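Below is the file coords_29.cif, which contains mmCIF, C-alpha atoms.
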data_structure
#
loop_
_atom_site.label_atom_id
_atom_site.label_comp_id
_atom_site.auth_asym_id
_atom_site.auth_seq_id
_atom_site.Cartn_x
_atom_site.Cartn_y
_atom_site.Cartn_z
CA MET A 1 -14.46 55.51 42.71
CA GLU A 2 -17.24 57.79 43.90
CA SER A 3 -19.72 57.32 41.11
CA GLY A 4 -20.85 54.07 42.70
CA SER A 5 -24.49 55.15 42.72
CA ASP A 6 -24.97 55.28 38.97
CA LYS A 7 -23.88 51.73 38.41
CA GLY A 8 -27.08 50.52 36.89
CA THR A 9 -26.97 47.34 34.85
CA GLY A 10 -26.34 49.10 31.57
CA GLY A 11 -24.20 51.79 33.12
CA PHE A 12 -22.08 49.25 34.88
CA SER A 13 -21.14 47.27 31.85
CA ALA A 14 -20.43 50.39 29.84
CA MET A 15 -18.31 51.67 32.69
CA ASP A 16 -16.68 48.30 32.96
CA GLU A 17 -15.79 48.20 29.31
CA TYR A 18 -14.41 51.69 29.49
CA GLU A 19 -12.27 50.68 32.46
CA THR A 20 -10.85 47.67 30.67
CA LEU A 21 -10.37 49.73 27.57
CA ILE A 22 -8.18 52.34 29.19
CA SER A 23 -6.26 49.80 31.23
CA THR A 24 -5.47 47.70 28.17
CA THR A 25 -2.27 48.60 26.42
CA ASP A 26 -1.63 48.17 22.74
CA ALA A 27 0.73 45.36 23.58
CA ASP A 28 -2.16 43.49 25.20
CA LEU A 29 -4.41 44.21 22.27
CA LEU A 30 -1.76 43.03 19.84
CA LYS A 31 -1.30 39.87 21.83
CA ARG A 32 -5.02 39.24 21.79
CA SER A 33 -5.34 39.84 18.05
CA TRP A 34 -2.34 37.62 17.45
CA ARG A 35 -3.81 34.81 19.52
CA ASN A 36 -7.19 35.08 17.85
CA GLU A 37 -5.60 35.10 14.45
CA LYS A 38 -3.45 32.09 15.29
CA ALA A 39 -6.33 30.03 16.58
CA ALA A 40 -9.10 30.98 14.18
CA PRO A 41 -9.45 28.75 11.12
CA GLU A 42 -10.39 31.64 8.85
CA ILE A 43 -8.85 35.06 8.37
CA LEU A 44 -10.08 37.81 10.71
CA GLN A 45 -10.43 41.54 10.26
CA PHE A 46 -7.07 43.25 9.83
CA GLU A 47 -6.30 45.49 12.82
CA SER A 48 -4.91 48.34 10.79
CA SER A 49 -4.85 51.08 13.41
CA LEU A 50 -3.46 48.74 16.05
CA VAL A 51 -0.68 47.61 13.73
CA GLN A 52 0.04 51.21 12.84
CA ARG A 53 0.22 52.23 16.51
CA SER A 54 2.39 49.25 17.41
CA ARG A 55 4.86 50.07 14.69
CA GLU A 56 5.10 53.67 15.85
CA GLN A 57 5.62 52.50 19.38
CA ILE A 58 8.34 50.10 18.36
CA GLN A 59 10.11 52.85 16.54
CA LEU A 60 9.81 55.16 19.51
CA MET A 61 11.17 52.53 21.84
CA GLU A 62 14.06 51.81 19.53
CA GLU A 63 14.97 55.47 19.56
CA THR A 64 14.79 55.49 23.35
CA VAL A 65 17.10 52.51 23.56
CA GLY A 66 19.48 54.20 21.16
CA GLU A 67 19.56 57.24 23.40
CA PHE A 68 20.10 55.08 26.47
CA MET A 69 23.07 53.42 24.84
CA GLN A 70 24.61 56.75 23.95
CA ASN A 71 24.09 58.13 27.42
CA GLY A 72 25.76 55.09 28.92
CA GLU A 73 22.66 53.95 30.80
CA ASP A 74 22.83 50.80 32.93
CA PRO A 75 23.22 47.85 30.52
CA LEU A 76 20.56 45.88 32.39
CA THR A 77 17.96 48.58 31.79
CA VAL A 78 18.88 48.75 28.14
CA SER A 79 18.69 45.00 27.83
CA LEU A 80 15.24 44.93 29.44
CA TYR A 81 13.97 47.57 27.06
CA GLN A 82 15.50 45.69 24.17
CA MET A 83 13.79 42.51 25.27
CA ASP A 84 10.48 44.32 25.40
CA ILE A 85 10.97 45.61 21.88
CA ASP A 86 11.95 42.18 20.64
CA ARG A 87 8.79 40.68 22.04
CA THR A 88 6.53 43.29 20.52
CA VAL A 89 8.29 42.96 17.19
CA PHE A 90 7.88 39.21 17.37
CA LEU A 91 4.14 39.57 18.03
CA LEU A 92 3.78 41.94 15.13
CA ARG A 93 5.76 39.81 12.73
CA SER A 94 4.04 36.64 13.76
CA TYR A 95 0.63 38.30 13.43
CA LEU A 96 1.35 39.47 9.90
CA ARG A 97 2.95 36.17 9.03
CA THR A 98 0.00 34.12 10.24
CA ARG A 99 -2.30 36.21 8.10
CA LEU A 100 -0.16 35.79 5.01
CA GLN A 101 -0.04 32.07 5.53
CA LYS A 102 -3.82 31.97 5.71
CA ILE A 103 -4.01 33.98 2.52
CA GLU A 104 -1.62 31.54 0.86
CA LYS A 105 -3.79 28.65 1.90
CA PHE A 106 -7.24 30.01 1.12
CA MET A 107 -6.50 32.55 -1.60
CA PHE A 108 -9.22 31.47 -4.03
CA HIS A 109 -11.81 31.24 -1.28
CA ILE A 110 -10.93 34.67 0.08
CA GLN A 111 -10.97 36.18 -3.37
CA LYS A 112 -14.49 35.09 -4.17
CA THR A 113 -15.94 35.89 -0.75
CA ALA A 114 -16.39 39.65 -0.54
CA GLY A 115 -16.74 39.59 3.24
CA LEU A 116 -13.35 37.99 3.63
CA TRP A 117 -11.65 40.03 0.94
CA SER A 118 -12.56 43.26 2.73
CA ARG A 119 -10.85 42.01 5.88
CA LEU A 120 -7.44 42.21 4.24
CA SER A 121 -5.26 45.25 4.40
CA ARG A 122 -4.38 47.01 1.18
CA GLN A 123 -0.98 45.38 1.06
CA GLU A 124 -2.46 42.00 1.84
CA GLN A 125 -4.91 42.40 -0.99
CA LYS A 126 -2.02 43.14 -3.29
CA PHE A 127 -0.21 40.11 -1.95
CA ALA A 128 -3.29 37.95 -2.41
CA LYS A 129 -3.81 39.18 -5.96
CA ARG A 130 -0.26 38.39 -6.93
CA SER A 131 -0.35 35.04 -5.16
CA ILE A 132 -3.50 34.11 -7.04
CA GLU A 133 -1.91 35.09 -10.33
CA ASP A 134 1.15 33.01 -9.56
CA MET A 135 -0.80 30.00 -8.42
CA LYS A 136 -3.22 30.16 -11.33
CA LYS A 137 -0.39 30.35 -13.80
CA HIS A 138 1.34 27.42 -12.16
CA LEU A 139 -1.80 25.27 -12.12
CA GLU A 140 -2.58 26.16 -15.70
CA GLN A 141 0.90 25.34 -16.91
CA SER A 142 1.08 22.07 -15.02
CA VAL A 143 -2.41 20.64 -15.31
CA LEU A 144 -5.25 22.68 -16.68
CA SER A 145 -3.84 23.49 -20.11
CA LYS A 146 -3.40 19.78 -20.70
CA LEU A 147 -6.96 18.88 -19.84
CA PRO A 148 -9.89 18.85 -22.28
CA ASP A 149 -11.82 22.04 -22.94
CA ARG A 150 -14.69 21.70 -20.55
CA TYR A 151 -12.46 20.80 -17.62
CA LYS A 152 -10.05 23.72 -17.62
CA SER A 153 -11.37 25.78 -14.71
CA HIS A 154 -9.29 26.01 -11.55
CA LEU A 155 -12.42 26.64 -9.48
CA LYS A 156 -14.76 24.02 -10.87
CA GLN A 157 -14.29 20.35 -11.59
CA SER A 158 -16.03 20.72 -14.94
CA VAL A 159 -18.44 23.10 -16.65
CA ILE A 160 -21.33 21.05 -15.28
CA SER A 161 -20.50 21.89 -11.66
CA GLU A 162 -22.88 24.49 -10.35
CA GLU A 163 -20.68 25.65 -7.52
CA ASP A 164 -16.95 26.17 -7.27
CA ASP A 165 -16.05 22.75 -6.00
CA MET A 166 -12.28 22.89 -6.38
CA VAL A 167 -11.58 25.61 -3.83
CA THR A 168 -9.92 24.99 -0.49
CA GLU A 169 -12.02 26.42 2.29
CA PRO A 170 -11.25 26.83 5.96
CA LYS A 171 -12.92 24.30 8.23
CA LEU A 172 -15.27 26.52 10.14
CA ASP A 173 -16.72 23.70 12.20
CA SER A 174 -13.39 22.78 13.74
CA PHE A 175 -13.07 23.13 17.49
CA VAL A 176 -11.33 26.09 19.06
CA ILE A 177 -10.54 26.86 22.67
CA CYS A 178 -11.99 30.11 23.84
CA ARG A 179 -12.20 32.20 26.97
CA SER A 180 -15.01 34.60 27.64
CA ARG A 181 -14.31 38.09 28.83
CA LYS A 182 -17.66 38.59 30.48
CA PHE A 183 -20.86 36.73 31.25
CA LEU A 184 -22.54 35.38 28.14
CA GLY A 185 -25.85 33.62 28.67
CA GLY A 186 -27.63 31.08 26.54
CA LEU A 187 -25.14 30.52 23.78
CA PRO A 188 -26.60 28.26 21.07
CA VAL A 189 -23.48 26.18 20.72
CA ASP A 190 -24.99 22.78 20.06
CA ASP A 191 -25.84 22.06 16.45
CA SER A 192 -27.08 18.55 17.11
CA GLY A 193 -30.61 19.91 17.20
CA GLU A 194 -31.06 19.57 20.94
CA GLU A 195 -31.84 22.68 22.88
CA ASN A 196 -28.78 22.97 25.05
CA PRO A 197 -27.73 26.56 25.49
CA LEU A 198 -24.55 27.28 27.37
CA ASP A 199 -23.91 29.92 29.98
CA MET A 200 -20.38 31.27 30.07
CA TYR A 201 -19.03 33.28 32.95
CA ALA A 202 -16.11 35.65 32.68
CA GLY A 203 -12.87 33.70 32.50
CA ASP A 204 -14.51 30.38 31.63
CA ILE A 205 -12.67 28.29 29.09
CA TYR A 206 -14.49 26.06 26.62
CA ALA A 207 -13.72 24.07 23.53
CA LEU A 208 -16.43 24.95 21.03
CA ARG A 209 -17.01 24.85 17.33
CA TYR A 210 -15.63 27.96 15.69
CA LYS A 211 -18.75 28.33 13.57
CA SER A 212 -21.05 28.69 16.55
CA ILE A 213 -19.06 31.41 18.30
CA LYS A 214 -17.81 33.28 15.24
CA PRO A 215 -19.87 36.46 15.82
CA LEU A 216 -18.72 36.65 19.44
CA ILE A 217 -15.10 36.53 18.40
CA GLU A 218 -15.63 39.18 15.79
CA SER A 219 -17.30 41.46 18.32
CA GLY A 220 -14.52 40.82 20.82
CA GLN A 221 -16.64 39.24 23.57
CA LEU A 222 -14.75 35.97 23.38
CA ASP A 223 -11.03 35.41 23.01
CA LEU A 224 -9.39 32.43 21.43
CA VAL A 225 -6.53 30.87 23.27
CA MET B 1 -8.60 0.34 -14.51
CA TYR B 2 -9.69 3.92 -14.78
CA GLY B 3 -8.33 6.26 -12.15
CA ARG B 4 -5.70 3.83 -10.85
CA LYS B 5 -2.74 5.85 -12.08
CA ALA B 6 -4.03 9.13 -10.74
CA CYS B 7 -4.54 7.43 -7.43
CA GLN B 8 -0.91 6.29 -7.43
CA LEU B 9 0.12 9.86 -7.93
CA VAL B 10 -1.78 11.00 -4.87
CA LYS B 11 -0.51 8.07 -2.84
CA GLU B 12 3.01 9.08 -3.65
CA LEU B 13 2.23 12.44 -2.16
CA GLU B 14 0.69 10.82 0.88
CA ASN B 15 3.64 8.51 1.45
CA SER B 16 6.27 11.20 1.34
CA GLU B 17 7.18 12.76 4.63
CA SER B 18 5.14 15.85 5.37
CA GLY B 19 6.86 19.02 4.24
CA GLN B 20 9.35 17.06 2.15
CA LEU B 21 9.32 17.05 -1.61
CA THR B 22 9.93 14.02 -3.74
CA GLY B 23 10.91 14.30 -7.36
CA PHE B 24 8.12 15.42 -9.67
CA ASN B 25 6.79 12.25 -11.25
CA THR B 26 6.70 13.44 -14.84
CA ASP B 27 6.07 10.02 -16.36
CA LEU B 28 3.09 9.09 -14.28
CA PHE B 29 1.76 12.59 -14.58
CA ALA B 30 1.91 12.43 -18.37
CA GLN B 31 0.21 9.03 -18.33
CA VAL B 32 -2.70 10.40 -16.34
CA ILE B 33 -3.04 13.31 -18.73
CA GLU B 34 -3.05 10.81 -21.59
CA GLN B 35 -5.80 8.91 -19.86
CA CYS B 36 -7.82 12.09 -19.64
CA ASP B 37 -7.52 12.56 -23.39
CA GLY B 38 -8.67 8.99 -23.87
CA HIS B 39 -11.68 9.64 -21.69
CA VAL B 40 -12.69 12.73 -23.56
CA ASN B 41 -12.43 10.95 -26.91
CA ASN B 42 -14.63 8.13 -25.68
CA LEU B 43 -16.99 10.61 -24.14
CA GLN B 44 -17.38 12.58 -27.33
CA ALA B 45 -17.83 9.44 -29.39
CA LEU B 46 -20.59 8.27 -27.10
CA LEU B 47 -22.30 11.63 -27.11
CA ARG B 48 -22.24 11.70 -30.89
CA LYS B 49 -23.63 8.22 -31.05
CA MET B 50 -26.39 9.16 -28.66
CA GLN B 51 -27.35 12.05 -30.83
CA GLU B 52 -27.37 9.93 -33.99
CA VAL B 53 -29.45 7.16 -32.53
CA GLY B 54 -31.82 9.67 -31.02
CA SER B 55 -34.45 8.60 -28.56
CA GLU B 56 -35.70 5.59 -30.53
CA ASN B 57 -33.82 2.81 -28.86
CA GLN B 58 -34.25 3.21 -25.13
CA THR B 59 -31.90 0.44 -23.93
CA ALA B 60 -29.00 1.36 -26.16
CA LYS B 61 -29.40 4.94 -25.11
CA ASN B 62 -29.19 4.07 -21.47
CA ALA B 63 -26.05 2.02 -21.90
CA ASP B 64 -24.36 4.83 -23.81
CA HIS B 65 -25.57 7.33 -21.32
CA PHE B 66 -23.99 5.51 -18.40
CA GLY B 67 -20.85 4.91 -20.41
CA ALA B 68 -20.54 8.61 -21.01
CA LEU B 69 -21.13 9.34 -17.36
CA MET B 70 -18.41 6.86 -16.41
CA HIS B 71 -15.94 8.63 -18.64
CA HIS B 72 -16.96 12.01 -17.31
CA LEU B 73 -16.61 10.92 -13.71
CA SER B 74 -13.24 9.29 -14.32
CA LEU B 75 -12.07 12.44 -15.98
CA VAL B 76 -13.19 14.60 -13.10
CA ARG B 77 -11.57 12.25 -10.66
CA ASN B 78 -8.32 12.34 -12.59
CA LYS B 79 -8.47 16.08 -12.60
CA ARG B 80 -8.94 16.17 -8.84
CA CYS B 81 -5.95 13.88 -8.35
CA LEU B 82 -3.74 15.87 -10.68
CA MET B 83 -4.73 19.12 -9.06
CA ALA B 84 -4.20 17.68 -5.59
CA TYR B 85 -0.76 16.53 -6.61
CA VAL B 86 0.28 19.86 -8.03
CA TYR B 87 -1.46 21.97 -5.41
CA ASN B 88 -0.05 20.14 -2.42
CA ARG B 89 3.42 20.36 -3.84
CA ALA B 90 2.85 24.03 -4.49
CA GLU B 91 2.00 24.47 -0.82
CA ILE B 92 5.36 23.00 0.13
CA VAL B 93 6.99 25.31 -2.36
CA GLN B 94 5.18 28.18 -0.65
CA THR B 95 6.69 27.30 2.71
CA LEU B 96 10.09 27.20 1.05
CA GLY B 97 9.52 30.80 0.11
CA TRP B 98 9.46 31.60 3.84
CA THR B 99 12.56 29.74 4.84
CA VAL B 100 14.82 29.79 1.83
CA ASP B 101 16.37 32.99 0.63
CA CYS B 102 15.67 33.43 -3.11
CA VAL B 103 18.03 30.74 -4.34
CA LEU B 104 16.95 27.15 -3.92
CA PRO B 105 19.50 24.56 -2.85
CA GLU B 106 20.34 22.24 -5.72
CA GLU B 107 18.98 19.10 -4.09
CA ILE B 108 15.54 20.70 -3.84
CA GLU B 109 15.64 22.40 -7.20
CA GLU B 110 16.15 19.16 -9.09
CA LYS B 111 12.99 17.72 -7.57
CA LEU B 112 10.81 20.47 -8.94
CA SER B 113 9.17 20.67 -12.32
CA SER B 114 9.98 23.72 -14.40
CA SER B 115 6.62 25.27 -13.65
CA GLU B 116 7.18 24.74 -9.93
CA ARG B 117 10.53 26.46 -10.15
CA GLU B 118 8.90 29.38 -11.83
CA TYR B 119 6.16 29.37 -9.21
CA PHE B 120 8.72 29.46 -6.44
CA LYS B 121 10.42 32.45 -8.00
CA ASN B 122 7.18 34.31 -8.55
CA HIS B 123 5.79 33.54 -5.16
CA SER B 124 8.86 34.49 -3.19
CA ALA B 125 9.01 37.70 -5.18
CA THR B 126 5.41 38.34 -4.15
CA LEU B 127 6.33 37.71 -0.54
CA LYS B 128 9.35 39.99 -0.80
CA SER B 129 7.30 42.75 -2.32
CA TYR B 130 4.81 42.57 0.56
CA MET B 131 7.64 42.81 3.06
CA SER B 132 9.23 45.75 1.32
CA ASP B 133 5.85 47.50 1.08
CA LEU B 134 5.57 47.26 4.82
CA ASP B 135 9.27 47.62 5.39
CA ILE B 136 9.37 44.67 7.75
CA ASP B 137 11.22 41.39 7.41
CA LEU B 138 8.84 38.59 8.29
CA ALA B 139 11.39 35.85 7.82
CA LEU B 140 13.02 36.83 11.08
CA ASP B 141 11.72 35.86 14.50
CA MET B 142 10.24 32.52 13.55
CA VAL B 143 10.34 31.46 17.21
CA PRO B 144 9.31 33.58 20.18
CA PRO B 145 12.34 35.42 21.56
CA LYS B 146 13.62 34.75 25.06
CA ASP B 147 16.77 36.77 25.27
CA PRO B 148 17.90 39.58 23.01
CA TYR B 149 21.36 38.02 22.85
CA ILE B 150 22.21 34.46 22.04
CA LYS B 151 25.41 32.48 22.10
CA VAL B 152 26.43 31.21 18.70
CA ARG B 153 29.25 29.32 17.11
CA VAL B 154 30.35 30.31 13.64
CA LEU B 155 30.47 27.30 11.34
CA GLU B 156 31.64 28.94 8.14
CA GLU B 157 34.04 31.77 7.67
CA ILE B 158 31.94 34.92 7.28
CA GLY B 159 34.48 37.65 7.90
CA THR B 160 34.04 41.03 9.48
CA VAL B 161 30.53 42.37 9.26
CA VAL B 162 28.67 45.35 10.61
CA LEU B 163 25.89 44.16 12.88
CA SER B 164 23.16 46.29 14.34
CA ASP B 165 25.12 46.98 17.53
CA GLN B 166 28.73 46.13 16.84
CA LEU B 167 31.40 45.38 14.30
CA ALA B 168 32.09 41.68 14.63
CA ASN B 169 34.70 39.40 13.21
CA LEU B 170 32.81 36.22 12.42
CA ALA B 171 35.72 33.88 11.98
CA ARG B 172 35.21 30.15 11.73
CA HIS B 173 34.76 28.35 15.06
CA ALA B 174 34.46 31.62 16.95
CA ILE B 175 31.97 31.57 19.79
CA LEU B 176 30.28 34.87 20.52
CA PHE B 177 27.22 36.65 21.80
CA LEU B 178 25.16 38.28 19.10
CA ARG B 179 21.85 40.00 18.86
CA ARG B 180 19.35 37.30 18.03
CA THR B 181 17.98 39.24 15.08
CA ASP B 182 21.47 39.55 13.65
CA ALA B 183 22.31 35.92 14.12
CA GLU B 184 19.06 34.48 12.77
CA GLN B 185 19.87 35.02 9.11
CA TYR B 186 23.19 33.23 9.44
CA ILE B 187 21.61 30.39 11.36
CA ALA B 188 19.01 30.00 8.62
CA GLN B 189 21.79 29.79 6.04
CA GLY B 190 23.59 27.18 8.12
CA LYS B 191 26.62 29.36 8.69
CA MET B 192 26.11 29.51 12.43
CA GLU B 193 24.62 27.39 15.14
CA GLU B 194 23.00 28.44 18.34
CA LEU B 195 24.57 27.10 21.50
CA THR B 196 22.05 26.30 24.17
CA GLY B 197 22.46 25.34 27.76
#

Could you write out this structure as structure tokens?
Amino acid sequence: MESGSDKGTGGFSAMDEYETLISTTDADLLKRSWRNEKAAPEILQFESSLVQRSREQIQLMEETVGEFMQNGEDPLTVSLYQMDIDRTVFLLRSYLRTRLQKIEKFMFHIQKTAGLWSRLSRQEQKFAKRSIEDMKKHLEQSVLSKLPDRYKSHLKQSVISEEDDMVTEPKLDSFVICRSRKFLGGLPVDDSGEENPLDMYAGDIYALRYKSIKPLIESGQLDLV
Amino acid sequence: MYGRKACQLVKELENSESGQLTGFNTDLFAQVIEQCDGHVNNLQALLRKMQEVGSENQTAKNADHFGALMHHLSLVRNKRCLMAYVYNRAEIVQTLGWTVDCVLPEEIEEKLSSSEREYFKNHSATLKSYMSDLDIDLALDMVPPKDPYIKVRVLEEIGTVVLSDQLANLARHAILFLRRTDAEQYIAQGKMEELTG
């Protein structure tokens, strides 16, 4: 590349990000989102445009394979294409599935936390709403309706509780394994009170508490593995 | 002792193999609920008494106060146990919604309470409606795919069916190569097995 001269510090990283951006395919992005979603204890932002693009791509590829089969293309080529489709479809399904399973597990928590609720897609919100209805009805029928008046809430232990203390929440301080995509200096990862910031170089792998690196995952500077 | 029965209920949950359901313990469950009613009666009686006596007699008040607290705490604890019992079972029922197609096998169905059965129906309908909204079947592809085709043996007579790429006669004991996505549903129903190696 000839524009070597304008690689200032800021310019370089912007350039760098641009480079990685155009060299990353949607399949890579999907894989990354899928991994992050699988490893993160809480639900992450729904990648609506990525999912949309992936689905279009899958459809396109399926049409291509269909054409290949009609034209009597080499079976090996067809099979390779098919395998590629299968893998992408698996990633997509597994991504959506993981999210639904998280919604199933933390539905009440997600519902009352606006920041989390807005991370769901429209269909997921519908799913969550219905799941909550179903679960509430079930809990009410089985337990709550049989309990005394002041103990009937499914969110609180009794009317005296100030907070919702009956809601399952994700364990945000659990450890996750993460890999950094670029140099990150002075991460405040230690919550023991000691000053012990961590420097991470690109490609480094660490096991850290999810809570402490949450913003970096959300901004895409760190990947979970 | 207060709370003992509720504890048994939770222990039962703990002792059962993870992901496996045991029969819904209706008797014990009802006993715990009964205990809760007992607690609330005692609690109300004590509260009334405290109001009647007023603040004159300090010692009596304290004793009643702690008595009431005891009943309240036992009640809350019972509630937690009951909810844990029902909720954890409901989570297993949720996973059934992913693996079982609409109709529950009899041996599972008889272990559920009527409310759980209803919950299963509602929840799998919710799941289905999400899938049809997106027009994607999430029950497929539970394991990462290696090969688009797999070798399977047919265990139950299925007959001739139209698969995504061919018209196949799935006779009993037949061994054939099928598209993995086609075969998966039959494998899940136990009508086929995958041959490996």

Q: Find the spatial neighbours of Tyr186 in chain B, counting all atoms listed in the file, within a cut-off of 12 Å - ignore same-chain residues fewer than 4 positions away - and output them as a PyMOL selection string.
A: chain B and resi 100-101+140+152-158+161+163+170+178-182+190-194

Any chance you can output those residues with C-alpha atoms as a tab-separated table (two decimals), in the coordinates of the input?
chain	number	residue	atom	x	y	z
B	100	VAL	CA	14.82	29.79	1.83
B	101	ASP	CA	16.37	32.99	0.63
B	140	LEU	CA	13.02	36.83	11.08
B	152	VAL	CA	26.43	31.21	18.70
B	153	ARG	CA	29.25	29.32	17.11
B	154	VAL	CA	30.35	30.31	13.64
B	155	LEU	CA	30.47	27.30	11.34
B	156	GLU	CA	31.64	28.94	8.14
B	157	GLU	CA	34.04	31.77	7.67
B	158	ILE	CA	31.94	34.92	7.28
B	161	VAL	CA	30.53	42.37	9.26
B	163	LEU	CA	25.89	44.16	12.88
B	170	LEU	CA	32.81	36.22	12.42
B	178	LEU	CA	25.16	38.28	19.10
B	179	ARG	CA	21.85	40.00	18.86
B	180	ARG	CA	19.35	37.30	18.03
B	181	THR	CA	17.98	39.24	15.08
B	182	ASP	CA	21.47	39.55	13.65
B	190	GLY	CA	23.59	27.18	8.12
B	191	LYS	CA	26.62	29.36	8.69
B	192	MET	CA	26.11	29.51	12.43
B	193	GLU	CA	24.62	27.39	15.14
B	194	GLU	CA	23.00	28.44	18.34

Counting only C-alpha atoms, which residues of chain B fall within 7 Å of chain A, and what is the closest atom pair for each with its distance in Å at one decimal, ordered by chain and rising number, as JSON lines?
{"residue": "B:Ile33", "atom": "CA", "partner": "A:Lys146", "partner_atom": "CA", "distance": 6.8}
{"residue": "B:Cys36", "atom": "CA", "partner": "A:Leu147", "partner_atom": "CA", "distance": 6.8}
{"residue": "B:Asp37", "atom": "CA", "partner": "A:Pro148", "partner_atom": "CA", "distance": 6.8}
{"residue": "B:Val40", "atom": "CA", "partner": "A:Pro148", "partner_atom": "CA", "distance": 6.9}
{"residue": "B:Val76", "atom": "CA", "partner": "A:Gln157", "partner_atom": "CA", "distance": 6.0}
{"residue": "B:Leu82", "atom": "CA", "partner": "A:Val143", "partner_atom": "CA", "distance": 6.8}
{"residue": "B:Met83", "atom": "CA", "partner": "A:Val143", "partner_atom": "CA", "distance": 6.8}
{"residue": "B:Ser115", "atom": "CA", "partner": "A:His138", "partner_atom": "CA", "distance": 5.9}
{"residue": "B:Glu116", "atom": "CA", "partner": "A:His138", "partner_atom": "CA", "distance": 6.8}
{"residue": "B:Tyr119", "atom": "CA", "partner": "A:His138", "partner_atom": "CA", "distance": 6.0}
{"residue": "B:Asn122", "atom": "CA", "partner": "A:Asp134", "partner_atom": "CA", "distance": 6.3}
{"residue": "B:His123", "atom": "CA", "partner": "A:Ser131", "partner_atom": "CA", "distance": 6.3}
{"residue": "B:Thr126", "atom": "CA", "partner": "A:Phe127", "partner_atom": "CA", "distance": 6.3}
{"residue": "B:Tyr130", "atom": "CA", "partner": "A:Phe127", "partner_atom": "CA", "distance": 6.1}
{"residue": "B:Leu138", "atom": "CA", "partner": "A:Arg93", "partner_atom": "CA", "distance": 5.5}
{"residue": "B:Asp141", "atom": "CA", "partner": "A:Phe90", "partner_atom": "CA", "distance": 5.8}
{"residue": "B:Pro144", "atom": "CA", "partner": "A:Phe90", "partner_atom": "CA", "distance": 6.5}
{"residue": "B:Pro145", "atom": "CA", "partner": "A:Arg87", "partner_atom": "CA", "distance": 6.4}
{"residue": "B:Asp147", "atom": "CA", "partner": "A:Met83", "partner_atom": "CA", "distance": 6.5}
{"residue": "B:Pro148", "atom": "CA", "partner": "A:Met83", "partner_atom": "CA", "distance": 5.5}

(Q) Please compute the CA of Leu30 in chain A-CA of Ile43 in chain A distance, one decimal, in Å. (A)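 Answer for the CA of Leu30 in chain A to CA of Ile43 in chain A separation: 15.7 Å.
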
Q: Please provide as number ranges by chain all residues within 10 Å of Gln20 in chain B, with the sequence filter that same-chain residues fewer than 2 positions apart are discarded (counting all atoms listed in the file).
A: B: 13, 16-18, 22, 89, 92-93, 108

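A straight line drawn from CA of Asn62 in chain B to CA of Tyr2 in chain B is 20.6 Å long.
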
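Nearest-residue note for Phe175 in chain A: choosing from A:Ser118, A:Ile213, A:Leu29, A:Ile103, the minimum distance belongs to A:Ile213, counting all atoms listed in the file.
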
Could you list the residues chosen by the PyMOL selection byres ((chain B and resi 169) around 6) in this structure as a compact mmCIF listing (two decimals) with C-alpha atoms, keeping the file's coordinate frame?
# COMPACT_ATOMS: atom_id res chain seq x y z
CA GLY B 159 34.48 37.65 7.90
CA THR B 160 34.04 41.03 9.48
CA ALA B 168 32.09 41.68 14.63
CA LEU B 170 32.81 36.22 12.42
CA ALA B 171 35.72 33.88 11.98
